[in-house]
Structures are given as structure tokens and as C-alpha cells.
Amino acid sequence: MKKRIIHFLAALTLAFIFLNSFTGQEESAQESAFVMRLIEPFLALFVGKGNVTLHLVRKLAHFCEFALLGFFLGVQCKKPNCGALLFALLTALTDETIQIYTGRGPQVQDVWLDFAGAVTGMIVAYLLLWIIPTAVRKYKNRQPRHKKSA
């Protein structure tokens, strides 16, 4: 059951990525401006007031949506896997190729940014899959054992 949920979430993320790529240039710019207004106060804490740009928001969106995909791929695979890396790279290439046909500006740097996001998501998944069971084992080993009363 858990595996199906992860597969579904990965497919949903993939659909979100590709649907965004099919969005035309003008609509995409409007969506980015809307998101920028929402997250600008938060991002300004990190980059300074007045330094949050549409370019930053768009690049961050590329990275984050692929980080989410990478996370789900990492959870599915449970350990580093060349197939998952190849899938992430091909997804990034497909994403930018779709943008050729929607009048948007596909960029090689976005392929690398997308791939970096996917790899980051996979690393986070692998670390969590290693840290959580390790912490649970340590916690269980520290539990005081109850002595039987005589």
C-alpha cells in the first residue's frame, strides 16, 4: 500500500511538472508573479528585502518541483540507483523540450537545475531512510527493561 501511495505521489509530481511546461509564456509569467507575491516575505529573510526577483522565484520553482520528484524516486528506490538518476535527467530534458513548443525559453541551465533538484531530493530521501530506522533502533535499545517481581 505504501509503495502505491509513493508511486501515485511521484506520478502526480510528474504531471504537475509537465502541465507547468505546457503553460504558455504569458500565463506562466502571471502564475510566477502570483507565487512571488505569496513567498516574497519569506524569501526576503534569506536574500534581503528588495532582492526577491521573478527570475529567482522561477529558478527556485524548477529546483523545488524536481526535488520533490527526486524525493519520491529516492523513497521508491531506497538506495542510490542509476535508473532513478537517468529518469530524473530524462524528465528534466523532456520538461525543457516541451517548452520549445509552448513559446517559452527552454534553457540548458534549467535542465541542470532540475537535475540538481532531483538529486538533492533523492539524497534527502536516502538520508531519512537511513536516519529514521537508526534512530528507532537506538531508541528501542535504550528502553529500560522491566524486572520481573518475585
# chains A, B, ... in the order shown; residues from 1 in each chain; ligands from 1

$ residues_around --residues "Gly74 (chain A)" --least-positions-apart "4" --cutoff "10 Å" --atoms "only C-alpha atoms" --output "ChimeraX atom specification"
/A:68-70,78-81,84-85,118-129

$ residues_around --residues "region 97-103 of chain A" --least-positions-apart "6" --cutoff "12 Å" --atoms "only C-alpha atoms" --output "mmCIF file with N, CA, C and O atoms, in the first residue's frame"
data_model
loop_
_atom_site.group_PDB
_atom_site.id
_atom_site.type_symbol
_atom_site.label_atom_id
_atom_site.label_comp_id
_atom_site.auth_asym_id
_atom_site.auth_seq_id
_atom_site.Cartn_x
_atom_site.Cartn_y
_atom_site.Cartn_z
ATOM 1 N N ILE A 17 4.772 18.850 -13.071
ATOM 2 C CA ILE A 17 5.927 19.385 -13.803
ATOM 3 C C ILE A 17 5.583 19.578 -15.275
ATOM 4 O O ILE A 17 5.810 20.649 -15.846
ATOM 5 N N PHE A 18 5.041 18.539 -15.900
ATOM 6 C CA PHE A 18 4.752 18.616 -17.332
ATOM 7 C C PHE A 18 3.605 19.582 -17.638
ATOM 8 O O PHE A 18 3.649 20.283 -18.653
ATOM 9 N N LEU A 19 2.590 19.620 -16.789
ATOM 10 C CA LEU A 19 1.492 20.568 -17.020
ATOM 11 C C LEU A 19 1.993 22.007 -16.954
ATOM 12 O O LEU A 19 1.553 22.856 -17.731
ATOM 13 N N ASN A 20 2.912 22.279 -16.036
ATOM 14 C CA ASN A 20 3.505 23.619 -15.971
ATOM 15 C C ASN A 20 4.279 23.935 -17.237
ATOM 16 O O ASN A 20 4.309 25.077 -17.685
ATOM 17 N N SER A 21 4.916 22.939 -17.830
ATOM 18 C CA SER A 21 5.682 23.156 -19.060
ATOM 19 C C SER A 21 4.775 23.454 -20.242
ATOM 20 O O SER A 21 5.180 24.146 -21.165
ATOM 21 N N PHE A 22 3.559 22.912 -20.226
ATOM 22 C CA PHE A 22 2.616 23.157 -21.314
ATOM 23 C C PHE A 22 1.945 24.532 -21.212
ATOM 24 O O PHE A 22 1.280 24.955 -22.134
ATOM 25 N N THR A 23 2.155 25.206 -20.092
ATOM 26 C CA THR A 23 1.580 26.534 -19.905
ATOM 27 C C THR A 23 2.301 27.526 -20.808
ATOM 28 O O THR A 23 3.529 27.524 -20.888
ATOM 29 N N GLY A 24 1.550 28.382 -21.452
ATOM 30 C CA GLY A 24 2.141 29.395 -22.332
ATOM 31 C C GLY A 24 2.953 30.422 -21.558
ATOM 32 O O GLY A 24 2.859 30.519 -20.326
ATOM 33 N N GLN A 25 3.731 31.197 -22.284
ATOM 34 C CA GLN A 25 4.656 32.158 -21.681
ATOM 35 C C GLN A 25 3.931 33.193 -20.814
ATOM 36 O O GLN A 25 4.344 33.466 -19.687
ATOM 37 N N GLU A 26 2.850 33.770 -21.332
ATOM 38 C CA GLU A 26 2.146 34.822 -20.599
ATOM 39 C C GLU A 26 1.489 34.276 -19.326
ATOM 40 O O GLU A 26 1.608 34.863 -18.252
ATOM 41 N N GLU A 27 0.817 33.138 -19.457
ATOM 42 C CA GLU A 27 0.160 32.530 -18.290
ATOM 43 C C GLU A 27 1.189 32.103 -17.253
ATOM 44 O O GLU A 27 0.983 32.271 -16.049
ATOM 45 N N SER A 28 2.307 31.566 -17.711
ATOM 46 C CA SER A 28 3.371 31.155 -16.808
ATOM 47 C C SER A 28 3.935 32.346 -16.031
ATOM 48 O O SER A 28 4.186 32.254 -14.833
ATOM 49 N N LEU A 90 16.195 12.506 -17.744
ATOM 50 C CA LEU A 90 15.315 12.463 -18.915
ATOM 51 C C LEU A 90 14.043 13.287 -18.691
ATOM 52 O O LEU A 90 13.530 13.916 -19.618
ATOM 53 N N THR A 91 13.558 13.298 -17.472
ATOM 54 C CA THR A 91 12.398 14.122 -17.146
ATOM 55 C C THR A 91 12.739 15.602 -17.308
ATOM 56 O O THR A 91 11.955 16.378 -17.867
ATOM 57 N N ASP A 110 18.453 25.185 -17.052
ATOM 58 C CA ASP A 110 17.294 24.670 -16.317
ATOM 59 C C ASP A 110 17.315 23.153 -16.224
ATOM 60 O O ASP A 110 16.858 22.585 -15.225
ATOM 61 N N VAL A 111 17.834 22.493 -17.249
ATOM 62 C CA VAL A 111 17.968 21.033 -17.182
ATOM 63 C C VAL A 111 18.886 20.671 -16.016
ATOM 64 O O VAL A 111 18.577 19.795 -15.213
#

$ closest_residue --among "A:Arg137, A:Arg142, A:Arg58, A:Lys49" --to "Ala29 (chain A)" --atoms "only C-alpha atoms"
A:Arg58

$ residues_around --residues "Val52 (chain A)" --least-positions-apart "2" --cutoff "12 Å" --atoms "only C-alpha atoms" --output "list in words"
Ala33, Val35, Met36, Arg37, Leu38, Ile39, Glu40, Pro41, Phe42, Leu43, Ala44, Leu45, Phe46, Val47, Gly48, Lys49, Gly50, Leu54, His55, Leu56, Val57, Arg58, Lys59 and Leu60 of chain A

$ residues_around --residues "Lys2 (chain A)" --least-positions-apart "5" --cutoff "12 Å" --atoms "only C-alpha atoms" --output "JSON, numbers by chain"
{"A": [7, 8, 9, 72, 75, 76]}

$ write_last_selection --atoms "N, CA and C atoms" --output "PDB file, in the first residue's frame"
ATOM      1  N   HIS A   7       4.209   5.807  -5.479  1.00  0.00           N
ATOM      2  CA  HIS A   7       4.101   5.823  -6.944  1.00  0.00           C
ATOM      3  C   HIS A   7       3.099   6.891  -7.401  1.00  0.00           C
ATOM      4  N   PHE A   8       1.964   6.949  -6.718  1.00  0.00           N
ATOM      5  CA  PHE A   8       0.935   7.924  -7.064  1.00  0.00           C
ATOM      6  C   PHE A   8       1.458   9.350  -6.875  1.00  0.00           C
ATOM      7  N   LEU A   9       2.134   9.601  -5.755  1.00  0.00           N
ATOM      8  CA  LEU A   9       2.673  10.942  -5.487  1.00  0.00           C
ATOM      9  C   LEU A   9       3.748  11.325  -6.496  1.00  0.00           C
ATOM     10  N   PHE A  72      10.567  11.442  -4.022  1.00  0.00           N
ATOM     11  CA  PHE A  72       9.709  10.266  -4.228  1.00  0.00           C
ATOM     12  C   PHE A  72      10.460   9.140  -4.934  1.00  0.00           C
ATOM     13  N   VAL A  75      12.643   7.537  -2.261  1.00  0.00           N
ATOM     14  CA  VAL A  75      11.867   6.690  -1.352  1.00  0.00           C
ATOM     15  C   VAL A  75      11.505   5.381  -2.045  1.00  0.00           C
ATOM     16  N   GLN A  76      11.169   5.455  -3.333  1.00  0.00           N
ATOM     17  CA  GLN A  76      10.828   4.238  -4.087  1.00  0.00           C
ATOM     18  C   GLN A  76      12.026   3.302  -4.181  1.00  0.00           C
TER      19      GLN A  76
END

$ select_by_dssp --residues "chain A" --states "helix (DSSP H, G or I)" --output "PyMOL selection string"
chain A and resi 2-22+25-47+54-77+82-100+108-142
